[in-house]
$ cat my_file.txt   # compact mmCIF, C-alpha atoms and all ligand atoms
# COMPACT_ATOMS: atom_id res chain seq x y z
CA MET A 1365 19.91 -11.70 8.36
CA SER A 1366 23.39 -12.92 9.16
CA PRO A 1367 23.33 -15.07 12.27
CA GLY A 1368 26.50 -13.68 13.83
CA ARG A 1369 25.74 -9.98 13.61
CA LEU A 1370 24.71 -9.44 17.25
CA LYS A 1371 28.08 -10.70 18.38
CA ASP A 1372 29.91 -7.77 16.80
CA PRO A 1373 30.74 -5.55 19.81
CA SER A 1374 31.31 -2.49 17.59
CA LEU A 1375 27.57 -2.41 16.91
CA ARG A 1376 26.74 -1.96 20.58
CA HIS A 1377 26.23 1.63 21.61
CA PRO A 1378 28.72 2.85 24.23
CA PRO A 1379 26.66 3.48 27.38
CA SER A 1380 28.58 6.68 28.17
CA LEU A 1381 27.02 8.53 25.22
CA GLY A 1382 23.48 8.22 26.55
CA ARG A 1383 21.09 5.86 24.89
CA PRO A 1384 19.38 7.02 21.70
CA LEU A 1385 15.68 6.29 21.35
CA LEU A 1386 16.38 4.77 17.95
CA SER A 1387 19.74 3.47 16.88
CA VAL A 1388 20.52 2.09 13.44
CA ARG A 1389 23.98 0.59 13.33
CA GLY A 1390 25.81 -1.02 10.45
CA VAL A 1391 22.65 -1.77 8.50
CA ARG A 1392 22.99 -3.36 5.12
CA LYS A 1393 20.16 -4.06 2.75
CA ALA A 1394 20.41 -5.34 -0.78
CA PHE A 1395 17.81 -6.19 -3.36
CA GLY A 1396 19.56 -8.95 -5.31
CA GLU A 1397 22.96 -7.57 -6.28
CA HIS A 1398 21.89 -3.98 -5.67
CA VAL A 1399 23.14 -2.76 -2.28
CA VAL A 1400 20.69 -0.06 -1.20
CA LEU A 1401 21.81 0.47 2.41
CA ASP A 1402 25.52 0.03 2.90
CA ASP A 1403 26.72 -0.18 6.51
CA LEU A 1404 24.39 2.69 7.41
CA SER A 1405 24.34 4.05 10.96
CA LEU A 1406 22.06 6.69 12.44
CA ASP A 1407 21.06 7.64 15.99
CA VAL A 1408 17.89 9.48 16.91
CA HIS A 1409 17.45 10.79 20.43
CA ALA A 1410 14.11 11.36 22.15
CA HIS A 1411 12.33 14.54 20.98
CA GLN A 1412 14.70 14.97 18.04
CA VAL A 1413 13.58 15.57 14.48
CA VAL A 1414 16.02 14.00 12.06
CA VAL A 1415 15.50 14.89 8.40
CA LEU A 1416 16.80 12.55 5.68
CA ILE A 1417 17.71 14.20 2.41
CA GLY A 1418 19.31 12.75 -0.68
CA ALA A 1419 18.76 12.06 -4.34
CA SER A 1420 16.07 9.71 -5.55
CA GLY A 1421 17.33 6.18 -5.00
CA SER A 1422 19.76 7.08 -2.20
CA GLY A 1423 17.91 4.76 0.20
CA LYS A 1424 15.71 7.05 2.32
CA SER A 1425 12.50 5.03 1.92
CA THR A 1426 14.29 1.73 2.29
CA LEU A 1427 15.84 2.90 5.56
CA LEU A 1428 12.44 3.94 6.94
CA ARG A 1429 10.89 0.67 5.72
CA CYS A 1430 13.65 -1.33 7.46
CA ILE A 1431 13.04 0.56 10.72
CA ASP A 1432 9.31 -0.20 10.43
CA LEU A 1433 10.17 -3.86 9.74
CA LEU A 1434 8.55 -3.73 6.33
CA GLU A 1435 11.88 -4.95 4.96
CA ASP A 1436 14.32 -7.39 6.57
CA VAL A 1437 17.85 -6.10 6.97
CA ASP A 1438 20.70 -8.27 5.74
CA ASP A 1439 23.06 -7.15 8.48
CA GLY A 1440 23.32 -4.69 11.34
CA VAL A 1441 21.21 -3.74 14.32
CA ILE A 1442 18.17 -1.50 14.75
CA GLU A 1443 17.40 -0.71 18.38
CA LEU A 1444 14.26 0.99 19.56
CA GLU A 1445 14.28 1.98 23.22
CA GLY A 1446 17.26 -0.32 23.73
CA GLN A 1447 15.69 -3.40 22.15
CA ASP A 1448 17.03 -4.91 18.93
CA ILE A 1449 13.83 -4.89 16.88
CA THR A 1450 15.41 -6.92 14.06
CA ASP A 1451 15.45 -9.93 16.39
CA PRO A 1452 13.36 -12.44 14.43
CA ARG A 1453 11.90 -13.83 17.67
CA LEU A 1454 9.99 -10.58 18.24
CA ASP A 1455 6.40 -10.10 17.09
CA ALA A 1456 6.79 -7.60 14.23
CA ASN A 1457 3.26 -6.25 14.73
CA ALA A 1458 3.97 -5.49 18.38
CA VAL A 1459 7.14 -3.65 17.37
CA ARG A 1460 5.31 -1.77 14.60
CA ALA A 1461 2.71 -0.63 17.15
CA ARG A 1462 5.51 1.44 18.76
CA ILE A 1463 6.34 3.09 15.44
CA GLY A 1464 4.06 5.44 13.51
CA MET A 1465 4.70 5.31 9.78
CA VAL A 1466 3.17 7.71 7.27
CA PHE A 1467 3.70 7.35 3.54
CA GLN A 1468 3.40 9.61 0.53
CA ALA A 1469 0.10 7.93 -0.38
CA TYR A 1470 -2.31 8.38 2.51
CA ASN A 1471 -3.81 4.87 2.13
CA LEU A 1472 -7.03 5.73 3.93
CA PHE A 1473 -9.93 3.30 3.52
CA PRO A 1474 -12.30 5.17 1.17
CA HIS A 1475 -15.43 3.39 2.45
CA LEU A 1476 -14.75 4.29 6.09
CA ARG A 1477 -15.43 7.62 7.74
CA VAL A 1478 -12.45 9.56 9.06
CA ILE A 1479 -13.14 8.47 12.65
CA ASP A 1480 -13.39 4.83 11.63
CA ASN A 1481 -10.12 5.04 9.69
CA VAL A 1482 -8.48 6.26 12.90
CA THR A 1483 -10.14 3.75 15.27
CA LEU A 1484 -9.65 0.71 13.02
CA ALA A 1485 -6.19 -0.40 14.19
CA PRO A 1486 -6.80 0.38 17.87
CA ARG A 1487 -9.99 -1.71 17.82
CA LEU A 1488 -8.78 -4.60 15.67
CA VAL A 1489 -5.09 -4.82 16.51
CA HIS A 1490 -4.86 -3.41 20.03
CA ARG A 1491 -8.34 -4.53 21.17
CA THR A 1492 -9.07 -1.08 22.56
CA PRO A 1493 -12.71 -0.93 23.73
CA PRO A 1494 -14.83 0.97 21.14
CA GLU A 1495 -15.66 3.94 23.40
CA GLN A 1496 -12.02 4.39 24.38
CA ALA A 1497 -10.90 4.04 20.74
CA ARG A 1498 -13.43 6.71 19.75
CA ALA A 1499 -12.33 9.11 22.49
CA ASP A 1500 -8.66 8.59 21.56
CA ALA A 1501 -9.44 9.13 17.87
CA LEU A 1502 -11.34 12.35 18.53
CA ALA A 1503 -8.51 13.64 20.69
CA VAL A 1504 -5.95 12.94 18.00
CA LEU A 1505 -8.16 14.38 15.24
CA ASP A 1506 -8.44 17.50 17.36
CA ARG A 1507 -4.64 17.57 17.57
CA VAL A 1508 -4.37 17.59 13.75
CA GLY A 1509 -7.17 20.18 13.48
CA LEU A 1510 -9.76 17.84 11.96
CA ALA A 1511 -12.18 17.00 14.78
CA ALA A 1512 -14.95 18.65 12.74
CA LYS A 1513 -14.34 16.19 9.89
CA ALA A 1514 -14.67 13.02 11.99
CA GLN A 1515 -17.82 11.90 10.17
CA ALA A 1516 -16.59 12.76 6.66
CA PHE A 1517 -15.44 10.21 4.12
CA PRO A 1518 -11.88 10.57 2.78
CA ASP A 1519 -13.01 11.73 -0.68
CA GLU A 1520 -14.80 14.67 0.96
CA LEU A 1521 -11.43 15.97 2.18
CA SER A 1522 -8.57 17.74 0.44
CA GLY A 1523 -5.30 15.88 -0.06
CA GLY A 1524 -3.74 17.85 2.76
CA GLN A 1525 -6.61 16.97 5.10
CA GLN A 1526 -6.37 13.30 4.10
CA GLN A 1527 -2.67 13.30 4.89
CA ARG A 1528 -3.42 14.89 8.27
CA VAL A 1529 -5.88 12.04 8.93
CA ALA A 1530 -3.14 9.56 8.00
CA ILE A 1531 -0.87 11.30 10.52
CA ALA A 1532 -3.65 11.14 13.14
CA ARG A 1533 -4.06 7.43 12.44
CA ALA A 1534 -0.36 6.91 13.12
CA LEU A 1535 -0.41 9.13 16.23
CA VAL A 1536 -3.34 7.40 17.90
CA ALA A 1537 -1.18 4.46 19.00
CA LYS A 1538 1.10 6.92 20.85
CA PRO A 1539 4.19 5.75 18.99
CA ALA A 1540 7.66 6.17 20.42
CA VAL A 1541 8.80 7.50 17.05
CA MET A 1542 7.13 8.67 13.86
CA LEU A 1543 8.62 7.87 10.45
CA LEU A 1544 7.41 10.13 7.65
CA ASP A 1545 8.27 9.23 4.08
CA GLU A 1546 7.80 12.07 1.59
CA VAL A 1547 4.44 12.88 3.13
CA THR A 1548 3.97 16.04 1.08
CA SER A 1549 5.20 14.76 -2.28
CA ALA A 1550 1.75 13.80 -3.59
CA LEU A 1551 0.14 17.08 -2.57
CA ASP A 1552 -0.68 20.10 -4.70
CA PRO A 1553 1.77 22.87 -3.78
CA GLU A 1554 -0.88 24.92 -1.97
CA LEU A 1555 -1.61 21.97 0.38
CA VAL A 1556 1.99 21.24 1.36
CA GLY A 1557 2.13 24.03 3.94
CA GLU A 1558 -0.68 22.74 6.16
CA VAL A 1559 0.98 19.33 6.51
CA LEU A 1560 4.41 20.81 7.21
CA SER A 1561 2.85 23.20 9.77
CA LEU A 1562 1.30 20.20 11.50
CA LEU A 1563 4.68 18.46 11.66
CA THR A 1564 6.18 21.64 13.10
CA GLU A 1565 3.45 21.70 15.77
CA LEU A 1566 4.06 18.02 16.55
CA LYS A 1567 7.75 18.70 17.03
CA ALA A 1568 6.82 21.39 19.53
CA THR A 1569 4.97 18.72 21.55
CA GLY A 1570 8.19 16.71 21.79
CA LEU A 1571 7.37 14.02 19.26
CA THR A 1572 10.42 12.16 17.94
CA MET A 1573 10.40 12.04 14.15
CA VAL A 1574 12.48 10.81 11.24
CA VAL A 1575 11.38 12.62 8.11
CA ALA A 1576 12.44 11.87 4.53
CA THR A 1577 11.71 14.95 2.47
CA HIS A 1578 12.77 17.16 -0.40
CA GLU A 1579 11.35 20.21 1.43
CA MET A 1580 14.55 22.03 2.30
CA GLY A 1581 12.72 24.95 3.95
CA PHE A 1582 11.13 22.50 6.39
CA ALA A 1583 14.48 20.82 7.02
CA ARG A 1584 16.08 24.19 7.71
CA GLU A 1585 13.39 25.28 10.16
CA VAL A 1586 12.47 22.09 11.98
CA ALA A 1587 15.31 19.55 11.83
CA ASP A 1588 17.59 19.08 14.80
CA GLU A 1589 19.80 17.10 12.50
CA VAL A 1590 19.96 16.73 8.73
CA CYS A 1591 21.39 13.54 7.24
CA PHE A 1592 22.40 13.54 3.59
CA LEU A 1593 22.21 10.02 2.20
CA HIS A 1594 24.26 9.01 -0.79
CA GLU A 1595 24.37 5.49 -2.20
CA GLY A 1596 22.97 3.96 0.97
CA ARG A 1597 25.22 5.69 3.46
CA VAL A 1598 24.97 8.77 5.62
CA HIS A 1599 27.41 10.87 3.61
CA GLU A 1600 27.13 14.02 5.74
CA ARG A 1601 25.20 14.90 8.86
CA GLY A 1602 24.86 17.85 11.16
CA THR A 1603 22.66 20.77 12.06
CA PRO A 1604 20.67 22.34 9.21
CA ALA A 1605 23.11 25.26 9.25
CA GLN A 1606 26.05 22.89 8.83
CA VAL A 1607 24.63 20.60 6.16
CA LEU A 1608 22.36 22.95 4.22
CA GLU A 1609 24.25 26.23 4.47
CA ASN A 1610 27.82 25.14 4.73
CA PRO A 1611 28.22 21.53 3.54
CA ARG A 1612 31.64 20.00 3.84
CA GLU A 1613 31.20 17.42 1.10
CA GLU A 1614 31.13 18.20 -2.61
CA ARG A 1615 28.38 15.62 -3.19
CA THR A 1616 26.17 17.39 -0.67
CA ARG A 1617 26.82 20.73 -2.39
CA GLU A 1618 26.03 19.18 -5.76
CA PHE A 1619 22.75 17.72 -4.46
CA LEU A 1620 21.71 21.03 -2.90
CA ARG A 1621 22.54 22.93 -6.08
CA ARG A 1622 20.38 20.52 -8.09
CA ILE A 1623 17.43 20.57 -5.70
CA THR A 1624 17.34 24.31 -5.24
CA GLY A 1625 17.78 24.88 -8.97
N1 LIG B 1 11.47 -3.82 -3.29
C1 LIG B 1 12.51 -3.44 -4.04
N2 LIG B 1 13.06 -4.27 -4.94
C2 LIG B 1 14.11 -3.89 -5.69
N3 LIG B 1 14.71 -2.68 -5.61
C3 LIG B 1 14.19 -1.80 -4.73
C4 LIG B 1 13.08 -2.14 -3.90
N4 LIG B 1 12.80 -1.06 -3.12
C5 LIG B 1 13.70 -0.11 -3.44
N5 LIG B 1 14.52 -0.56 -4.40
C6 LIG B 1 15.64 0.19 -4.99
O1 LIG B 1 16.43 0.70 -3.95
C7 LIG B 1 16.95 1.98 -4.27
C8 LIG B 1 16.64 2.94 -3.15
O2 LIG B 1 15.25 3.20 -3.18
P1 LIG B 1 14.55 4.13 -2.10
O3 LIG B 1 13.09 4.15 -2.46
O4 LIG B 1 14.93 3.68 -0.76
O5 LIG B 1 15.21 5.53 -2.42
P2 LIG B 1 14.77 6.98 -1.94
O6 LIG B 1 15.99 7.67 -1.51
O7 LIG B 1 13.65 6.87 -0.95
O8 LIG B 1 14.23 7.61 -3.29
P3 LIG B 1 13.01 8.66 -3.54
O9 LIG B 1 13.51 10.02 -3.10
O10 LIG B 1 12.81 8.57 -5.02
O11 LIG B 1 11.83 8.16 -2.76
C9 LIG B 1 16.37 2.34 -5.63
O12 LIG B 1 17.34 2.08 -6.63
C10 LIG B 1 15.20 1.42 -5.76
O13 LIG B 1 14.94 1.13 -7.10

$ encode --input "my_file.txt" --output "C-alpha cells" --more "lines below"
Ligand SMILES: Nc1ncnc2c1ncn2[C@@H]1O[C@H](COP(=O)(O)OP(=O)(O)OP(=O)(O)O)[C@@H](O)[C@H]1O
Amino acid sequence: MSPGRLKDPSLRHPPSLGRPLLSVRGVRKAFGEHVVLDDLSLDVHAHQVVVLIGASGSGKSTLLRCIDLLEDVDDGVIELEGQDITDPRLDANAVRARIGMVFQAYNLFPHLRVIDNVTLAPRLVHRTPPEQARADALAVLDRVGLAAKAQAFPDELSGGQQQRVAIARALVAKPAVMLLDEVTSALDPELVGEVLSLLTELKATGLTMVVATHEMGFAREVADEVCFLHEGRVHERGTPAQVLENPREERTREFLRRITG
C-alpha cells in the first residue's frame, strides 16, 4: 500500500451525494508487472445489487477478493460503512465478519454436518454461545430452504444445495454486504436456477450484494446496476437496460455478442 494514498482528497466521497455502503475508489492492484485493477472505482448503496460482468481475466474476482481483504490493494481506498477497511491498523478478521463472501467452490467441511458447517465460524470466531449459534443457523438454513437438511453431510446434498449452505454460512454473521463470485459456475445447468432464485429472494429482503457472474438473465432481472469490467477498470456501468440492451461502448457490445453467442 502506498503510504500517502489517504491524503488524496479526490478519493474522499463528496458528502452531498449520500454515503454509499461500500465505496471502492482509485483501487490499483498488480501481481508483479501485471496490473489487474487499474484505478478502479465503484460505489454500492445499501440494498443495491451490483452485478459485475466482463471477460475472464478482467479483474472481477480480484476486485471481490480485495474488498474481502484477501488481497492487499496497492493504492486507493475501500470504505465499508464509512470506514477505510484497507487501513492496516484494522483487524482484518473483524472487517471480514461484516462481509459475506461466497465462492464458486462451496468449500464446505465434508466431515461436518450442514448445521455444524454453519455454526462453526459463529462459535469459533465470534464466540456465539452454542445454543444461540444453533438457533441462528437453523433460522438461516430455513431462509435458504434447507432447514430439513440440517443434519445431512455435504456429500448427501446436490451441488445447488451445497452452494445454498455456503450462502447460509455467509449470511449467518448478518453481513453488511454479500460478495458472490461466480457462485453458479461450478453447477450443472439444472441446478443453477435454484441458486439464482435464492439470490433473487435475498435481494427482495433488502440484502446488499455485489455479484460477479456470467448469467446475463440474472443480471437483467435482478441487478440495480451492471458494471462491465475491462482490463481492470469499470468500462461501462448503468442499469441492466442501459448496459445489456443498449451499451454505449463497442467493447461492451463485443463482450455481450461473445457471451450470448
Ligand atoms: N494470485 C495471483 N497471482 C498472479 N496473477 C493473478 C492472481 N490472481 C489473479 N491473477 C490474474 O489477474 C487477472 C484477473 O483475474 P481475475 O480472477 O480477477 O479475473 P476474473 O474477471 O474474475 O476472471 P474469471 O471470469 O475467469 O473468473 C488474470 O490475468 C489472473 O491471471

$ residues_near_point --input "my_file.txt" --point "(20.9, -3.7, 10.5)" --cutoff "10 Å" --atoms "all atoms listed in the file" --output "PyMOL selection string"
chain A and resi 1365-1366+1369-1370+1375+1387-1393+1401-1405+1427+1430-1431+1436-1443+1448-1450

$ write_last_selection --input "my_file.txt" --atoms "C-alpha atoms" --output "tab-separated table (two decimals), in the frame of the given file"
chain	number	residue	atom	x	y	z
A	1365	MET	CA	19.91	-11.70	8.36
A	1366	SER	CA	23.39	-12.92	9.16
A	1369	ARG	CA	25.74	-9.98	13.61
A	1370	LEU	CA	24.71	-9.44	17.25
A	1375	LEU	CA	27.57	-2.41	16.91
A	1387	SER	CA	19.74	3.47	16.88
A	1388	VAL	CA	20.52	2.09	13.44
A	1389	ARG	CA	23.98	0.59	13.33
A	1390	GLY	CA	25.81	-1.02	10.45
A	1391	VAL	CA	22.65	-1.77	8.50
A	1392	ARG	CA	22.99	-3.36	5.12
A	1393	LYS	CA	20.16	-4.06	2.75
A	1401	LEU	CA	21.81	0.47	2.41
A	1402	ASP	CA	25.52	0.03	2.90
A	1403	ASP	CA	26.72	-0.18	6.51
A	1404	LEU	CA	24.39	2.69	7.41
A	1405	SER	CA	24.34	4.05	10.96
A	1427	LEU	CA	15.84	2.90	5.56
A	1430	CYS	CA	13.65	-1.33	7.46
A	1431	ILE	CA	13.04	0.56	10.72
A	1436	ASP	CA	14.32	-7.39	6.57
A	1437	VAL	CA	17.85	-6.10	6.97
A	1438	ASP	CA	20.70	-8.27	5.74
A	1439	ASP	CA	23.06	-7.15	8.48
A	1440	GLY	CA	23.32	-4.69	11.34
A	1441	VAL	CA	21.21	-3.74	14.32
A	1442	ILE	CA	18.17	-1.50	14.75
A	1443	GLU	CA	17.40	-0.71	18.38
A	1448	ASP	CA	17.03	-4.91	18.93
A	1449	ILE	CA	13.83	-4.89	16.88
A	1450	THR	CA	15.41	-6.92	14.06

$ atom_distance --input "my_file.txt" --atom1 "atom C5 of ligand LIG 1 (chain B)" --atom2 "atom CA of Ser1522 of chain A"
28.8 Å

$ closest_residue --input "my_file.txt" --among "A:Val1459, A:Val1408, A:Leu1560, A:Ile1623" --to "His1578 of chain A" --atoms "only C-alpha atoms"
A:Ile1623

$ closest_atom_pairs --input "my_file.txt" --of "segment 1511-1546 of chain A" --to "segment 1499-1505 of chain A" --cutoff "9 Å" --atoms "all atoms listed in the file" --output "CSV"
residue,atom,partner,partner_atom,distance
A:Ala1511,CA,A:Leu1505,CA,4.8
A:Ala1512,CA,A:Leu1505,CA,8.4
A:Lys1513,CA,A:Leu1505,CA,8.4
A:Ala1514,CA,A:Leu1502,CA,7.4
A:Arg1528,CA,A:Leu1505,CA,8.4
A:Val1529,CA,A:Leu1505,CA,7.1
A:Ala1532,CA,A:Val1504,CA,5.7
A:Arg1533,CA,A:Ala1501,CA,7.8
A:Leu1535,CA,A:Val1504,CA,7.0
A:Val1536,CA,A:Val1504,CA,6.1
A:Ala1537,CA,A:Asp1500,CA,8.9

$ residues_near_ligand --input "my_file.txt" --ligand "ligand LIG 1 (chain B)" --cutoff "12 Å" --atoms "all atoms listed in the file" --output "PyMOL selection string"
chain A and resi 1392-1402+1416-1430+1434-1436+1467-1469+1544-1550+1575-1579+1591-1598+1623

$ atom_distance --input "my_file.txt" --atom1 "atom CA of Arg1617 of chain A" --atom2 "atom CA of Glu1600 of chain A"
10.5 Å

$ residues_around --input "my_file.txt" --residues "Asp1432 of chain A" --least-positions-apart "5" --cutoff "9 Å" --atoms "all atoms listed in the file" --output "list in words"
Leu1427, Ala1456, Val1459, Arg1460, Ile1463, Gly1464, Met1465 and Leu1543 of chain A

$ atom_distance --input "my_file.txt" --atom1 "atom CA of Tyr1470 of chain A" --atom2 "atom CA of Val1559 of chain A"
12.1 Å
